[in-house]
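Novice: Supplied in structure tokens, the structure appears directly below.
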Amino acid sequence: MRLRPHHLFCVQGYKGTDTEDDYLVNLRWIADRVWQEPYTPVEVVDGPDDVCAMCPHLKDGLCLWKEAGEDVVRAHDAALFSALGLADGQTTSIAEIRVKLQTDPAVDAAVRKQCAGCPWLDNCAFMNGEL
Ligand code: SF4
């Protein structure tokens, strides 16, 4: 599995919706898998990943979800690479990420700061304190 840093948290928080398009079906499939198999190796990547693969905003390898979307997303990911102590191409797991979240307040704070403006907050168990 390949995930960019901010998706390490999207896949933990995603609660599902009644109306899922192909993108959300794919996100839910990945989310279900990482909860059922939290030690699945995850390659952390600085670019499009397994979630982006089904996203209608991905064009020619760039994230165009809003103006300057690629720059915005890469900035979020750069901050999370730093907070997690990971680099492009390294392998981790959701289990390992959860330990960092639960034991390092700086990691938790960095994630909450980067996720603060996300349009999916209402659908995120992590940001709603349900995890
Ligand atoms: S909005 Fe951008 S970062 Fe998010 S899944 Fe789509 S292409 Fe990837």
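Letters A, B, ... mark the chains of the structure tokens in the order given; residue numbers begin at 1 per chain; ligand numbers begin at 1, in order shown.
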Leaving out A:Glu96 and any residue of its chain fewer than 2 positions from it, which residues lie within 12 Å of it when counting only C-alpha atoms, given as a ChimeraX atom specification?
Specialist: /A:8,34,38-42,84-86,91-94,98-104
Novice: Residues as selected, C-alpha atoms, written as an mmCIF file, in the first residue's frame, can you do that?
Specialist:
data_model
loop_
_atom_site.group_PDB
_atom_site.id
_atom_site.type_symbol
_atom_site.label_atom_id
_atom_site.label_comp_id
_atom_site.auth_asym_id
_atom_site.auth_seq_id
_atom_site.Cartn_x
_atom_site.Cartn_y
_atom_site.Cartn_z
ATOM 1 C CA LEU A 8 -2.264 8.159 6.837
ATOM 2 C CA VAL A 34 -5.850 -0.698 7.529
ATOM 3 C CA PRO A 38 -2.984 -2.406 10.913
ATOM 4 C CA TYR A 39 0.457 -3.923 10.419
ATOM 5 C CA THR A 40 0.108 -3.871 6.629
ATOM 6 C CA PRO A 41 3.308 -2.269 5.271
ATOM 7 C CA VAL A 42 2.643 1.249 4.002
ATOM 8 C CA LEU A 84 6.374 11.891 11.831
ATOM 9 C CA GLY A 85 10.109 11.689 11.187
ATOM 10 C CA LEU A 86 9.515 9.958 7.874
ATOM 11 C CA THR A 91 7.860 2.056 5.057
ATOM 12 C CA THR A 92 5.598 2.304 8.097
ATOM 13 C CA SER A 93 2.212 0.930 9.158
ATOM 14 C CA ILE A 94 -0.964 2.372 10.568
ATOM 15 C CA ARG A 98 -1.124 5.216 15.907
ATOM 16 C CA VAL A 99 1.610 4.681 18.477
ATOM 17 C CA LYS A 100 3.220 7.971 17.418
ATOM 18 C CA LEU A 101 -0.131 9.733 17.678
ATOM 19 C CA GLN A 102 -0.853 8.359 21.120
ATOM 20 C CA THR A 103 2.606 8.859 22.624
ATOM 21 C CA ASP A 104 3.888 12.067 21.042
#
Novice: Considering only C-alpha atoms and all ligand atoms, tabulate each residue of chain A that lies at most 10 Å from ligand 1 along with its nearest interatomic pair and the corresponding distance in Å to one decimal; arrange the rows by chain and ascending residue number and present them as JSON lines.
Specialist:
{"residue": "A:Leu3", "atom": "CA", "partner": "ligand 1", "partner_atom_place_in_ligand_line": "8 (Fe)", "distance": 9.6}
{"residue": "A:Arg4", "atom": "CA", "partner": "ligand 1", "partner_atom_place_in_ligand_line": "3 (S)", "distance": 8.0}
{"residue": "A:Pro5", "atom": "CA", "partner": "ligand 1", "partner_atom_place_in_ligand_line": "3 (S)", "distance": 9.8}
{"residue": "A:His6", "atom": "CA", "partner": "ligand 1", "partner_atom_place_in_ligand_line": "3 (S)", "distance": 8.2}
{"residue": "A:His7", "atom": "CA", "partner": "ligand 1", "partner_atom_place_in_ligand_line": "3 (S)", "distance": 7.9}
{"residue": "A:Cys10", "atom": "CA", "partner": "ligand 1", "partner_atom_place_in_ligand_line": "4 (Fe)", "distance": 9.5}
{"residue": "A:Tyr23", "atom": "CA", "partner": "ligand 1", "partner_atom_place_in_ligand_line": "5 (S)", "distance": 8.1}
{"residue": "A:Leu24", "atom": "CA", "partner": "ligand 1", "partner_atom_place_in_ligand_line": "5 (S)", "distance": 9.6}
{"residue": "A:Leu27", "atom": "CA", "partner": "ligand 1", "partner_atom_place_in_ligand_line": "5 (S)", "distance": 8.8}
{"residue": "A:Gly47", "atom": "CA", "partner": "ligand 1", "partner_atom_place_in_ligand_line": "3 (S)", "distance": 8.1}
{"residue": "A:Pro48", "atom": "CA", "partner": "ligand 1", "partner_atom_place_in_ligand_line": "8 (Fe)", "distance": 5.9}
{"residue": "A:Asp49", "atom": "CA", "partner": "ligand 1", "partner_atom_place_in_ligand_line": "8 (Fe)", "distance": 7.0}
{"residue": "A:Asp50", "atom": "CA", "partner": "ligand 1", "partner_atom_place_in_ligand_line": "5 (S)", "distance": 8.5}
{"residue": "A:Val51", "atom": "CA", "partner": "ligand 1", "partner_atom_place_in_ligand_line": "5 (S)", "distance": 5.4}
{"residue": "A:Cys52", "atom": "CA", "partner": "ligand 1", "partner_atom_place_in_ligand_line": "8 (Fe)", "distance": 3.7}
{"residue": "A:Ala53", "atom": "CA", "partner": "ligand 1", "partner_atom_place_in_ligand_line": "8 (Fe)", "distance": 7.4}
{"residue": "A:Met54", "atom": "CA", "partner": "ligand 1", "partner_atom_place_in_ligand_line": "5 (S)", "distance": 7.5}
{"residue": "A:Cys55", "atom": "CA", "partner": "ligand 1", "partner_atom_place_in_ligand_line": "6 (Fe)", "distance": 4.6}
{"residue": "A:Pro56", "atom": "CA", "partner": "ligand 1", "partner_atom_place_in_ligand_line": "6 (Fe)", "distance": 6.6}
{"residue": "A:His57", "atom": "CA", "partner": "ligand 1", "partner_atom_place_in_ligand_line": "6 (Fe)", "distance": 5.0}
{"residue": "A:Leu58", "atom": "CA", "partner": "ligand 1", "partner_atom_place_in_ligand_line": "7 (S)", "distance": 4.2}
{"residue": "A:Lys59", "atom": "CA", "partner": "ligand 1", "partner_atom_place_in_ligand_line": "7 (S)", "distance": 7.8}
{"residue": "A:Gly61", "atom": "CA", "partner": "ligand 1", "partner_atom_place_in_ligand_line": "7 (S)", "distance": 8.0}
{"residue": "A:Leu62", "atom": "CA", "partner": "ligand 1", "partner_atom_place_in_ligand_line": "7 (S)", "distance": 6.7}
{"residue": "A:Cys63", "atom": "CA", "partner": "ligand 1", "partner_atom_place_in_ligand_line": "2 (Fe)", "distance": 4.1}
{"residue": "A:Leu64", "atom": "CA", "partner": "ligand 1", "partner_atom_place_in_ligand_line": "2 (Fe)", "distance": 6.3}
{"residue": "A:Trp65", "atom": "CA", "partner": "ligand 1", "partner_atom_place_in_ligand_line": "1 (S)", "distance": 4.9}
{"residue": "A:Lys66", "atom": "CA", "partner": "ligand 1", "partner_atom_place_in_ligand_line": "1 (S)", "distance": 8.3}
{"residue": "A:Gly69", "atom": "CA", "partner": "ligand 1", "partner_atom_place_in_ligand_line": "2 (Fe)", "distance": 7.0}
{"residue": "A:Glu70", "atom": "CA", "partner": "ligand 1", "partner_atom_place_in_ligand_line": "2 (Fe)", "distance": 7.1}
{"residue": "A:Val72", "atom": "CA", "partner": "ligand 1", "partner_atom_place_in_ligand_line": "3 (S)", "distance": 9.2}
{"residue": "A:Val73", "atom": "CA", "partner": "ligand 1", "partner_atom_place_in_ligand_line": "3 (S)", "distance": 6.0}
{"residue": "A:Arg74", "atom": "CA", "partner": "ligand 1", "partner_atom_place_in_ligand_line": "3 (S)", "distance": 8.4}
{"residue": "A:His76", "atom": "CA", "partner": "ligand 1", "partner_atom_place_in_ligand_line": "3 (S)", "distance": 9.7}
{"residue": "A:Asp77", "atom": "CA", "partner": "ligand 1", "partner_atom_place_in_ligand_line": "3 (S)", "distance": 9.3}
Novice: Those residues you just picked out, can you put them in a file as a compact mmCIF listing (two decimals), in the first residue's frame with N, CA and C atoms?
Specialist:
# COMPACT_ATOMS: atom_id res chain seq x y z
N LEU A 3 0.75 5.40 0.60
CA LEU A 3 -0.05 6.53 1.08
C LEU A 3 0.83 7.75 1.26
N ARG A 4 0.28 8.91 0.88
CA ARG A 4 0.98 10.16 1.17
C ARG A 4 0.68 10.52 2.63
N PRO A 5 1.51 11.32 3.27
CA PRO A 5 1.39 11.50 4.73
C PRO A 5 0.00 11.88 5.22
N HIS A 6 -0.66 12.84 4.59
CA HIS A 6 -1.94 13.23 5.20
C HIS A 6 -2.99 12.13 5.06
N HIS A 7 -2.81 11.24 4.08
CA HIS A 7 -3.76 10.14 3.95
C HIS A 7 -3.56 9.06 5.01
N CYS A 10 -6.39 10.32 7.03
CA CYS A 10 -7.70 10.19 6.37
C CYS A 10 -8.20 8.75 6.48
N TYR A 23 -14.41 7.11 -5.91
CA TYR A 23 -13.32 7.60 -5.07
C TYR A 23 -13.54 7.19 -3.61
N LEU A 24 -14.75 7.39 -3.12
CA LEU A 24 -15.03 7.09 -1.72
C LEU A 24 -15.11 5.59 -1.46
N LEU A 27 -11.56 4.74 -1.02
CA LEU A 27 -11.08 5.22 0.28
C LEU A 27 -11.57 4.31 1.40
N GLY A 47 3.66 12.23 -3.11
CA GLY A 47 2.97 12.39 -4.39
C GLY A 47 1.74 11.52 -4.43
N PRO A 48 1.16 11.34 -5.61
CA PRO A 48 -0.09 10.58 -5.73
C PRO A 48 0.07 9.16 -5.17
N ASP A 49 -0.98 8.70 -4.48
CA ASP A 49 -0.93 7.40 -3.80
C ASP A 49 -2.14 6.55 -4.16
N ASP A 50 -2.40 5.53 -3.34
CA ASP A 50 -3.52 4.63 -3.62
C ASP A 50 -4.88 5.30 -3.42
N VAL A 51 -4.95 6.33 -2.60
CA VAL A 51 -6.20 7.08 -2.45
C VAL A 51 -6.38 8.00 -3.66
N CYS A 52 -5.34 8.72 -4.01
CA CYS A 52 -5.41 9.62 -5.17
C CYS A 52 -5.77 8.87 -6.46
N ALA A 53 -5.44 7.58 -6.52
CA ALA A 53 -5.59 6.83 -7.77
C ALA A 53 -7.00 6.90 -8.32
N MET A 54 -8.00 7.02 -7.44
CA MET A 54 -9.39 7.06 -7.90
C MET A 54 -9.99 8.46 -7.78
N CYS A 55 -9.16 9.46 -7.56
CA CYS A 55 -9.68 10.81 -7.32
C CYS A 55 -9.88 11.57 -8.63
N PRO A 56 -11.05 12.16 -8.81
CA PRO A 56 -11.30 12.93 -10.03
C PRO A 56 -10.47 14.21 -10.13
N HIS A 57 -9.84 14.61 -9.02
CA HIS A 57 -9.03 15.83 -9.03
C HIS A 57 -7.59 15.58 -9.45
N LEU A 58 -7.22 14.33 -9.61
CA LEU A 58 -5.85 14.01 -10.01
C LEU A 58 -5.73 14.09 -11.53
N LYS A 59 -4.93 15.04 -12.00
CA LYS A 59 -4.75 15.24 -13.45
C LYS A 59 -3.25 15.25 -13.76
N GLY A 61 -0.92 13.51 -12.78
CA GLY A 61 -0.07 13.35 -11.61
C GLY A 61 -0.10 14.50 -10.63
N LEU A 62 -0.95 15.49 -10.89
CA LEU A 62 -1.03 16.65 -10.00
C LEU A 62 -2.40 16.72 -9.33
N CYS A 63 -2.41 17.20 -8.10
CA CYS A 63 -3.66 17.38 -7.36
C CYS A 63 -4.24 18.75 -7.69
N LEU A 64 -5.41 18.75 -8.34
CA LEU A 64 -6.02 20.01 -8.75
C LEU A 64 -7.34 20.23 -8.04
N TRP A 65 -7.41 19.85 -6.74
CA TRP A 65 -8.70 19.94 -6.03
C TRP A 65 -9.13 21.39 -5.80
N LYS A 66 -8.19 22.30 -5.84
CA LYS A 66 -8.51 23.72 -5.80
C LYS A 66 -7.33 24.47 -6.39
N GLY A 69 -3.77 23.59 -5.74
CA GLY A 69 -4.00 22.41 -4.90
C GLY A 69 -2.75 21.57 -4.70
N GLU A 70 -1.97 21.39 -5.75
CA GLU A 70 -0.76 20.58 -5.62
C GLU A 70 0.19 21.18 -4.58
N VAL A 72 -0.62 23.18 -2.10
CA VAL A 72 -1.25 23.10 -0.77
C VAL A 72 -1.08 21.69 -0.20
N VAL A 73 -1.37 20.70 -1.02
CA VAL A 73 -1.28 19.31 -0.55
C VAL A 73 0.16 18.96 -0.21
N ARG A 74 1.09 19.37 -1.04
CA ARG A 74 2.50 19.05 -0.75
C ARG A 74 2.99 19.75 0.52
N HIS A 76 1.08 20.41 3.15
CA HIS A 76 0.54 19.59 4.25
C HIS A 76 1.41 18.35 4.45
N ASP A 77 1.71 17.70 3.34
CA ASP A 77 2.48 16.46 3.45
C ASP A 77 3.90 16.72 3.97
Novice: Write out as a short mmCIF file (atom, residue, chain, number, x, y, z; two decimals) with C-alpha atoms, in the first residue's frame the set of residues from chain A that DSSP, computed on the backbone, places in alpha helix (DSSP H).
Specialist:
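Below is the file out21.cif, written as the result:
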data_model
loop_
_atom_site.label_atom_id
_atom_site.label_comp_id
_atom_site.auth_asym_id
_atom_site.auth_seq_id
_atom_site.Cartn_x
_atom_site.Cartn_y
_atom_site.Cartn_z
CA HIS A 7 -3.76 10.14 3.95
CA LEU A 8 -2.26 8.16 6.84
CA PHE A 9 -4.85 10.03 8.90
CA CYS A 10 -7.70 10.19 6.37
CA VAL A 11 -7.78 6.39 6.25
CA GLN A 12 -8.03 6.23 10.05
CA GLY A 13 -10.70 8.88 10.35
CA ASP A 22 -15.78 5.39 -6.90
CA TYR A 23 -13.32 7.60 -5.07
CA LEU A 24 -15.03 7.09 -1.72
CA VAL A 25 -15.56 3.37 -2.28
CA ASN A 26 -11.81 3.10 -2.81
CA LEU A 27 -11.08 5.22 0.28
CA ARG A 28 -13.41 3.07 2.39
CA TRP A 29 -11.79 -0.11 1.07
CA ILE A 30 -8.35 1.17 2.10
CA ALA A 31 -9.69 2.40 5.45
CA ASP A 32 -11.31 -0.96 6.19
CA ARG A 33 -8.09 -2.75 5.29
CA VAL A 34 -5.85 -0.70 7.53
CA TRP A 35 -8.20 -1.16 10.47
CA GLN A 36 -8.46 -4.90 9.89
CA GLY A 69 -4.00 22.41 -4.90
CA GLU A 70 -0.76 20.58 -5.62
CA ASP A 71 1.25 23.15 -3.66
CA VAL A 72 -1.25 23.10 -0.77
CA VAL A 73 -1.28 19.31 -0.55
CA ARG A 74 2.50 19.05 -0.75
CA ALA A 75 2.86 21.63 2.01
CA HIS A 76 0.54 19.59 4.25
CA ASP A 77 2.48 16.46 3.45
CA ALA A 78 5.86 18.13 4.03
CA ALA A 79 4.75 19.21 7.52
CA LEU A 80 3.57 15.70 8.32
CA PHE A 81 6.71 14.04 6.94
CA SER A 82 8.64 16.24 9.36
CA ALA A 83 6.34 15.65 12.34
CA LEU A 84 6.37 11.89 11.83
CA ILE A 94 -0.96 2.37 10.57
CA ALA A 95 -0.19 0.58 13.84
CA GLU A 96 3.13 2.44 14.03
CA ILE A 97 1.46 5.76 13.16
CA ARG A 98 -1.12 5.22 15.91
CA VAL A 99 1.61 4.68 18.48
CA LYS A 100 3.22 7.97 17.42
CA LEU A 101 -0.13 9.73 17.68
CA GLN A 102 -0.85 8.36 21.12
CA THR A 103 2.61 8.86 22.62
CA PRO A 105 1.77 15.18 21.65
CA ALA A 106 3.76 17.03 18.97
CA VAL A 107 2.60 14.54 16.35
CA ASP A 108 -1.02 14.84 17.45
CA ALA A 109 -0.78 18.65 17.39
CA ALA A 110 0.84 18.68 13.95
CA VAL A 111 -1.86 16.46 12.48
CA ARG A 112 -4.66 18.52 13.97
CA LYS A 113 -3.05 21.71 12.65
CA GLN A 114 -2.68 20.32 9.12
CA CYS A 115 -6.19 18.85 9.10
#
Novice: Residues within 9 Å of stretch 121-123 of chain A, please, as a list of chain:residue names. Count only C-alpha atoms; anything in the same chain fewer than 3 positions from it doesn't count.
Specialist: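 Within the cut-off, the hits are A:Gly13, A:Tyr14, A:Lys15, A:Gly16, A:Thr17, A:Cys115, A:Ala116, A:Gly117, A:Cys118, A:Phe126, A:Met127, A:Asn128.
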Novice: For the selection just defined, write its residues with C-alpha atoms to a file, as an mmCIF file, in the first residue's frame.
Specialist:
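Output (selection.cif):
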data_model
loop_
_atom_site.group_PDB
_atom_site.id
_atom_site.type_symbol
_atom_site.label_atom_id
_atom_site.label_comp_id
_atom_site.auth_asym_id
_atom_site.auth_seq_id
_atom_site.Cartn_x
_atom_site.Cartn_y
_atom_site.Cartn_z
ATOM 1 C CA GLY A 13 -10.703 8.884 10.353
ATOM 2 C CA TYR A 14 -13.010 8.244 7.408
ATOM 3 C CA LYS A 15 -16.457 7.284 8.708
ATOM 4 C CA GLY A 16 -18.165 6.590 5.378
ATOM 5 C CA THR A 17 -21.219 8.201 3.817
ATOM 6 C CA CYS A 115 -6.192 18.851 9.099
ATOM 7 C CA ALA A 116 -7.891 21.932 10.564
ATOM 8 C CA GLY A 117 -9.173 23.287 7.254
ATOM 9 C CA CYS A 118 -10.191 19.969 5.726
ATOM 10 C CA PHE A 126 -10.075 11.322 14.293
ATOM 11 C CA MET A 127 -10.755 15.062 14.228
ATOM 12 C CA ASN A 128 -14.056 14.594 16.068
#
Novice: Could you check which of A:Asp88, A:Glu130, A:Glu20, A:Asp60 is closest to A:Glu43, using only C-alpha atoms?
Specialist: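 Of A:Asp88, A:Glu130, A:Glu20, A:Asp60, the one nearest A:Glu43, counting only C-alpha atoms, is A:Asp88.
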Novice: Could you tell me how far atom CA of A:Gly129 sits from atom CA of A:Val44, in Å to one decimal place?
Specialist: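 Value for the atom CA of A:Val44-atom CA of A:Gly129 distance: 24.6 Å.
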Novice: I'd like to know which residues of stretch 9-101 of chain A are strand (DSSP E or B) (by DSSP, run on the backbone); could you write them as a short mmCIF file (atom, residue, chain, number, x, y, z; two decimals) with N, CA and C atoms, in the first residue's frame?
Specialist:
data_model
loop_
_atom_site.label_atom_id
_atom_site.label_comp_id
_atom_site.auth_asym_id
_atom_site.auth_seq_id
_atom_site.Cartn_x
_atom_site.Cartn_y
_atom_site.Cartn_z
N TYR A 14 -11.85 8.26 8.30
CA TYR A 14 -13.01 8.24 7.41
C TYR A 14 -14.14 7.38 7.97
N VAL A 42 3.08 0.07 4.76
CA VAL A 42 2.64 1.25 4.00
C VAL A 42 3.88 2.02 3.56
N GLU A 43 4.06 2.18 2.28
CA GLU A 43 5.13 3.04 1.77
C GLU A 43 4.60 4.47 1.77
N VAL A 44 5.31 5.35 2.45
CA VAL A 44 4.88 6.75 2.51
C VAL A 44 5.51 7.49 1.33
N LEU A 58 -7.22 14.33 -9.61
CA LEU A 58 -5.85 14.01 -10.01
C LEU A 58 -5.73 14.09 -11.53
N LYS A 59 -4.93 15.04 -12.00
CA LYS A 59 -4.75 15.24 -13.45
C LYS A 59 -3.25 15.25 -13.76
N LEU A 62 -0.95 15.49 -10.89
CA LEU A 62 -1.03 16.65 -10.00
C LEU A 62 -2.40 16.72 -9.33
N CYS A 63 -2.41 17.20 -8.10
CA CYS A 63 -3.66 17.38 -7.36
C CYS A 63 -4.24 18.75 -7.69
N THR A 91 8.98 2.94 4.76
CA THR A 91 7.86 2.06 5.06
C THR A 91 7.46 2.19 6.52
N THR A 92 6.14 2.27 6.75
CA THR A 92 5.60 2.30 8.10
C THR A 92 4.35 1.44 8.10
#
